[in-house]
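Enquirer: One structure, pasted below without further comment.
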Number of protein chains: 2
Amino acid sequence: MSVGGGGGGGGVASFAPTPPWPSGAAWIGGRYCPVEEAKISVLDLGVTRSDAAYDVVHVWRRRFYRLDDHLDRFSAGLARLRLDPGHNRAEVEAILHGCVRLAGLREAYVSMTCTRGRVPPGSRDLRTARATFYCYAVPFVWICTPEQQAAGVSMRISEVTRIPPQSIDPTVKNYHWLDMELAQLDAYDHDAQLVVLRDASGAITEGPGYNVFAHVDGRWVTPASGTLRGITRQSVIELAHEAGQPVVEGRLSADDLRRAAEVLATSTAGGIMPVTVIDGQPVAAGVPGPLTVQLRDQYWLRHEDPRFSTPVRYEEYK
Amino acid sequence: MSVGGGGGGGGVASFAPTPPWPSGAAWIGGRYCPVEEAKISVLDLGVTRSDAAYDVVHVWRRRFYRLDDHLDRFSAGLARLRLDPGHNRAEVEAILHGCVRLAGLREAYVSMTCTRGRVPPGSRDLRTARATFYCYAVPFVWICTPEQQAAGVSMRISEVTRIPPQSIDPTVKNYHWLDMELAQLDAYDHDAQLVVLRDASGAITEGPGYNVFAHVDGRWVTPASGTLRGITRQSVIELAHEAGQPVVEGRLSADDLRRAAEVLATSTAGGIMPVTVIDGQPVAAGVPGPLTVQLRDQYWLRHEDPRFSTPVRYEEYK
């Protein structure tokens with residue numbers, strides 16, 4: 001199954017009765033609205049201190065992919081940051097369905113965020129803050145388009161050091177991305193589409209929104225630490241096992257990436273992306289590798305498997 | 001001069017003709033508004049990636065304190081992050097004056113922010129982003145009240161490691177504060193008002209919004225690196241020199257803090273704060289030290305010195 005086959009990116013489906021906000025729907029301040037109206041105060045601690053946890057799940061062909069896993073991770077992040085969105089899991093789930101329904105999207109990028117919110121005027125005491133919670137669904141976003149993926153994409157190994165786990169726990173999905181933003185701008189300067197950052201020891205960690213795998217010495221290796229435990233990363237680990245491809249969560253070096261037989265990046269906003277150029281040099285033959293293509297096909301098939309996907313409740317929220 | 005003497009925190013002065021927004025005024029999207037209406041999109045890269053630079057200057061007794069220094073730092077941060085607010089320095093300065101005037105504030109906390117802004121729908125290419133720029137003036141905020149400062153404040157040395165300069169340049173004033181937020185919550189748990197974080201080597205760096213000085217072995221020591229180069233920090237360095245108190249920018253350890261004769265913290269939102277308790281133990285005699293009190297008095301006197309302050313143009317923007 002081809003990644004671009006049949007789905008298309010974010011078209012409005014005709015099955016929902018008059019979805020009012022096809023360019024995106026949000027839930028904020030206790031009500032639904034067009035995503036363009038979803039705004040937060042410039043005084044919100046989510047803005048002024050990036051004090052927030054979030055998660056993003058995607059909808060493909062009318063089904064959420066691994067929604068429970070995303071909700072589990074979001075809940076764990078909230079607990080770690082001592083944040084209370086003021087809604088239980090079932091309510092959050094209902095709001096996510098509602099956003100997708102009101103946008104009428106068949107393929108969507110669906111985000112949930114809880115920030116520390118606002119402290120009363122004049123206060124700096126975080127204990128007095130009241131959290132801000134919001135969700136939104138927008139048309140599915142590709143980090144790399146299906147066409148780019150078919151050709152293979154280029155990656156730069158950045159000189160910027162990823163924020164370490166001792167400072168910010170990368171398993172709590174968070175908005176501390178300025179290191180990755182500057183690394184990405186530098187990657188553009190070097191004609192690379194993607195970028196990956198290393199830790200202080202030189203080990204590969206992650207890129208802006210994606211995990212990385214390299215097939216070296218007959219097995220897949222993906223960083224064990226210093227990175228978000230991505231849901232697509234988890235899917236690749238499972239699918240590789242099912243396909244009889246050994247996988248190790250361990251240490252991955254820049255040299256490993258350069259000498260790999262295949263390299264791929266994984267993201268909710270992009271699936272499984274074949275990386276065919278590292279720092280301007282081809283990965284092996286410089287074309288998407290056979291193991292990568294196999295995993296990617298299996299990954300998209302999983303989106304219709306009820307064990308891993310949940311139908312969007314398009315009709316429920318009128 | 002006492003820190004609390006005469007100023008008061010954020011009262012509305014009667015000299016401005018009917019200031020419309022006494023609880024705060026903002027400038028965003030090309031117009032002035034009450035600060036409560038100043039909001040940014042949840043899709044802004046300033047929210048979703050904390051991709052932004054900012055600065056905060058204060059107004060005391062109708063005068064900006066070291067406005068040029070704050071504008072210099074903001075400009076340097078913008079250049080480092082490749083951000084263009086779409087306004088030149090004179091325009092930014094005029095907007096800051098306008099915010100204070102429209103709030104009618106005699107003492108104010110005045111903030112300016114530029115985020116990477118928005119990319120077009122469906123794009124992830126940072127080069128297509130259009131920056132978001134906004135400013136606001138709100139009543140002056142005290143990290144510790146004048147009463148708390150008179151008594152001396154408590155500080156915890158956190159176990160959380162500050163985000164290192166190799167990841168995020170701390171001299172670019174930024175919103176990457178989640179490490180400091182969790183350290184602050186932990187400090188509350190330990191009955192401390194302030195908190196300071198160390199780097200991976202154990203050297204003291206900074207706290208959430210403040211620099212730290214310790215008087216050890218007959219001289220002031222403040223961290224040379226791994227920290228914002230605060231404007232109040234710079235004031236203390238200058239004032240100590242003027243008072244014949246030696247100052248070194250160097251390495252400061254947790255032990256230095258514990259054995260210091262005096263410890264102080266510096267911030268635009270709080271001035272010079274005497275720290276009299278570290279991790280539950282008194283600093284020397286456990287009362288604000290004489291050198292600290294002397295520096296603090298001189299600091300507040302400087303706010304009326306035209307070399308370091310600029311009168312707010314209250315009448316200009318009608």
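Identifiers in this document derive from the order of the structure tokens: chains are assigned A, B, ..., residues are numbered from 1 separately in each chain, and ligands are numbered from 1 in order of occurrence.
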With 6 Å as the limit and counting only C-alpha atoms, what residues in chain B lie close to chain A? Please list them as a list of chain:residue names.

Expert: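 Here they are: B:Ala38, B:Lys39, B:Ile40, B:Ser41, B:Val42, B:Val47, B:Thr48, B:Arg49, B:Ser50, B:Asp51, B:Gly122, B:Val141, B:Thr161, B:Arg162, B:Ile163, B:Gln166, B:Ser167, B:Ile168, B:Tyr175, B:His176, B:Trp177, B:Leu178, B:Asp179.
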
Enquirer: Please, which residues of region 26-252 of chain B, numbered as in this document, come out helix (DSSP H, G or I) from DSSP, as a VMD selection string?

Expert: chain B and resid 35 to 37 45 to 48 67 to 81 89 to 103 126 to 128 146 to 151 178 to 189 231 to 242

Enquirer: If we count only C-alpha atoms, what is near Glu206 (chain A) at a cut-off of 7 Å, once residues fewer than 6 positions away on the same chain are taken out, given as a list in words?

Expert: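 The residues that qualify are Val196, Leu197, Val212 and Thr227 of chain A.
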
Enquirer: Create the file for the chosen residues now, containing C-alpha atoms and written as a PDB file, in the first residue's frame.

Expert:
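The file below, result_16.pdb, is the result:
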ATOM      1  CA  VAL A 196      18.970  15.296  13.855  1.00  0.00           C
ATOM      2  CA  LEU A 197      20.632  16.466  17.066  1.00  0.00           C
ATOM      3  CA  VAL A 212      15.514   8.082  13.882  1.00  0.00           C
ATOM      4  CA  THR A 227      14.390  11.296  22.975  1.00  0.00           C
TER       5      THR A 227
END

Enquirer: Which of region 63-249 of chain B end up as strand (DSSP E or B) when DSSP is run on this backbone - answer as an MDAnalysis selection string?

Expert: chainID B and resid 63:65 105 108:118 130:139 153:161 194:198 204 207 210:216 219:223 247:249

Enquirer: Measure the distance from CA of Arg313 (chain B) to CA of Asp72 (chain B) in Å and round it to one decimal.

Expert: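 One can read the CA of Arg313 (chain B) to CA of Asp72 (chain B) distance as 20.0 Å.
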
Enquirer: Could you list, as a list in words, every residue within 10 Å of Asp305 (chain A), counting only C-alpha atoms and ignoring same-chain residues fewer than 5 positions away?

Expert: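 Returned residues: Arg63, Tyr65, Trp300 and Thr310 of chain A.
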
Enquirer: Region 103-110 of chain A: which residues within 6 Å, counting only C-alpha atoms, same-chain residues fewer than 2 positions away excluded, as a PDB file with C-alpha atoms, in the first residue's frame?

Expert:
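Saved result, around-v7.pdb, follows:
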ATOM      1  CA  GLY A  10      -6.815  16.758   4.551  1.00  0.00           C
ATOM      2  CA  VAL A  12     -13.124  17.576   3.477  1.00  0.00           C
ATOM      3  CA  ALA A  13     -15.243  14.467   3.401  1.00  0.00           C
ATOM      4  CA  ALA A  16     -20.433  14.637   7.840  1.00  0.00           C
ATOM      5  CA  PRO A  19     -18.867  20.360   8.854  1.00  0.00           C
ATOM      6  CA  TRP A  21     -14.827  24.536   9.881  1.00  0.00           C
ATOM      7  CA  PRO A  22     -12.981  22.552   7.193  1.00  0.00           C
ATOM      8  CA  GLY A  24      -9.636  23.310  11.346  1.00  0.00           C
ATOM      9  CA  ALA A  25     -11.712  23.166  14.520  1.00  0.00           C
ATOM     10  CA  VAL A  56      -0.655  14.921  18.834  1.00  0.00           C
ATOM     11  CA  VAL A  57      -2.581  11.993  17.386  1.00  0.00           C
ATOM     12  CA  HIS A  58      -3.531  11.612  13.757  1.00  0.00           C
ATOM     13  CA  VAL A  59      -6.654  10.500  11.952  1.00  0.00           C
ATOM     14  CA  TRP A  60      -6.253   8.501   8.765  1.00  0.00           C
ATOM     15  CA  ARG A  61      -9.180   7.378   6.635  1.00  0.00           C
ATOM     16  CA  ARG A  62     -11.657   8.371   9.356  1.00  0.00           C
ATOM     17  CA  VAL A 100     -12.385  16.225  13.957  1.00  0.00           C
ATOM     18  CA  ARG A 101     -16.141  16.080  13.382  1.00  0.00           C
ATOM     19  CA  TYR A 136      -7.601  21.291  17.769  1.00  0.00           C
ATOM     20  CA  ALA A 137      -7.891  19.290  14.579  1.00  0.00           C
ATOM     21  CA  VAL A 138      -6.379  20.563  11.333  1.00  0.00           C
ATOM     22  CA  PRO A 139      -5.830  18.892   7.966  1.00  0.00           C
ATOM     23  CA  PHE A 140      -3.107  16.244   8.132  1.00  0.00           C
TER      24      PHE A 140
END

Enquirer: Of the candidates A:Gly117, A:Gly207, A:Pro146, A:Pro20, which shows the shortest atom-to-atom distance to Gly98 (chain A), using only C-alpha atoms?

Expert: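 Ranking A:Gly117, A:Gly207, A:Pro146, A:Pro20 by distance to Gly98 (chain A), first place goes to A:Pro20.
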
Enquirer: Nearest to His70 (chain A) among A:Leu96, A:Leu83, A:Met273, A:Leu291, with distances taken over only C-alpha atoms: which residue is it?

Expert: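 Result for the nearest residue to His70 (chain A): A:Leu96.
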
Enquirer: Which residues are close to Arg307 (chain B), i.e. within 12 Å by only C-alpha atoms, leaving aside same-chain residues fewer than 2 positions away? Reply as a PyMOL selection string.

Expert: chain B and resi 63-69+301-305+309-311

Enquirer: Residues of the last selection are to be written out with N, CA and C atoms, as a PDB file, in the first residue's frame.

Expert:
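Okay, this is what ended up in again_10.pdb:
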ATOM      1  N   ARG B  63       9.786  56.524  34.937  1.00  0.00           N
ATOM      2  CA  ARG B  63      10.968  56.467  34.073  1.00  0.00           C
ATOM      3  C   ARG B  63      11.325  55.011  33.744  1.00  0.00           C
ATOM      4  N   PHE B  64      11.621  54.745  32.458  1.00  0.00           N
ATOM      5  CA  PHE B  64      12.213  53.453  32.083  1.00  0.00           C
ATOM      6  C   PHE B  64      13.607  53.365  32.684  1.00  0.00           C
ATOM      7  N   TYR B  65      13.965  52.181  33.179  1.00  0.00           N
ATOM      8  CA  TYR B  65      15.316  51.974  33.686  1.00  0.00           C
ATOM      9  C   TYR B  65      16.156  51.256  32.627  1.00  0.00           C
ATOM     10  N   ARG B  66      17.189  51.888  32.163  1.00  0.00           N
ATOM     11  CA  ARG B  66      18.156  51.322  31.209  1.00  0.00           C
ATOM     12  C   ARG B  66      17.484  50.739  29.970  1.00  0.00           C
ATOM     13  N   LEU B  67      16.592  51.548  29.426  1.00  0.00           N
ATOM     14  CA  LEU B  67      15.841  51.085  28.246  1.00  0.00           C
ATOM     15  C   LEU B  67      16.769  50.726  27.090  1.00  0.00           C
ATOM     16  N   ASP B  68      17.801  51.528  26.877  1.00  0.00           N
ATOM     17  CA  ASP B  68      18.714  51.238  25.763  1.00  0.00           C
ATOM     18  C   ASP B  68      19.379  49.873  25.916  1.00  0.00           C
ATOM     19  N   ASP B  69      19.753  49.547  27.144  1.00  0.00           N
ATOM     20  CA  ASP B  69      20.391  48.241  27.368  1.00  0.00           C
ATOM     21  C   ASP B  69      19.431  47.092  27.063  1.00  0.00           C
ATOM     22  N   LEU B 301      18.277  54.415  43.771  1.00  0.00           N
ATOM     23  CA  LEU B 301      18.601  55.826  43.489  1.00  0.00           C
ATOM     24  C   LEU B 301      18.915  56.038  42.008  1.00  0.00           C
ATOM     25  N   ARG B 302      19.566  55.038  41.417  1.00  0.00           N
ATOM     26  CA  ARG B 302      19.929  55.141  39.993  1.00  0.00           C
ATOM     27  C   ARG B 302      18.724  55.346  39.084  1.00  0.00           C
ATOM     28  N   HIS B 303      17.548  54.929  39.569  1.00  0.00           N
ATOM     29  CA  HIS B 303      16.356  55.020  38.726  1.00  0.00           C
ATOM     30  C   HIS B 303      15.945  56.459  38.439  1.00  0.00           C
ATOM     31  N   GLU B 304      16.525  57.421  39.174  1.00  0.00           N
ATOM     32  CA  GLU B 304      16.203  58.820  38.888  1.00  0.00           C
ATOM     33  C   GLU B 304      17.366  59.528  38.211  1.00  0.00           C
ATOM     34  N   ASP B 305      18.426  58.766  37.931  1.00  0.00           N
ATOM     35  CA  ASP B 305      19.613  59.328  37.287  1.00  0.00           C
ATOM     36  C   ASP B 305      19.404  59.283  35.765  1.00  0.00           C
ATOM     37  N   SER B 309      18.138  56.312  33.081  1.00  0.00           N
ATOM     38  CA  SER B 309      16.674  56.246  32.994  1.00  0.00           C
ATOM     39  C   SER B 309      16.131  57.240  31.983  1.00  0.00           C
ATOM     40  N   THR B 310      14.951  56.940  31.492  1.00  0.00           N
ATOM     41  CA  THR B 310      14.323  57.697  30.412  1.00  0.00           C
ATOM     42  C   THR B 310      12.892  58.015  30.814  1.00  0.00           C
ATOM     43  N   PRO B 311      12.487  59.278  30.787  1.00  0.00           N
ATOM     44  CA  PRO B 311      11.103  59.593  31.167  1.00  0.00           C
ATOM     45  C   PRO B 311      10.112  58.951  30.186  1.00  0.00           C
TER      46      PRO B 311
END
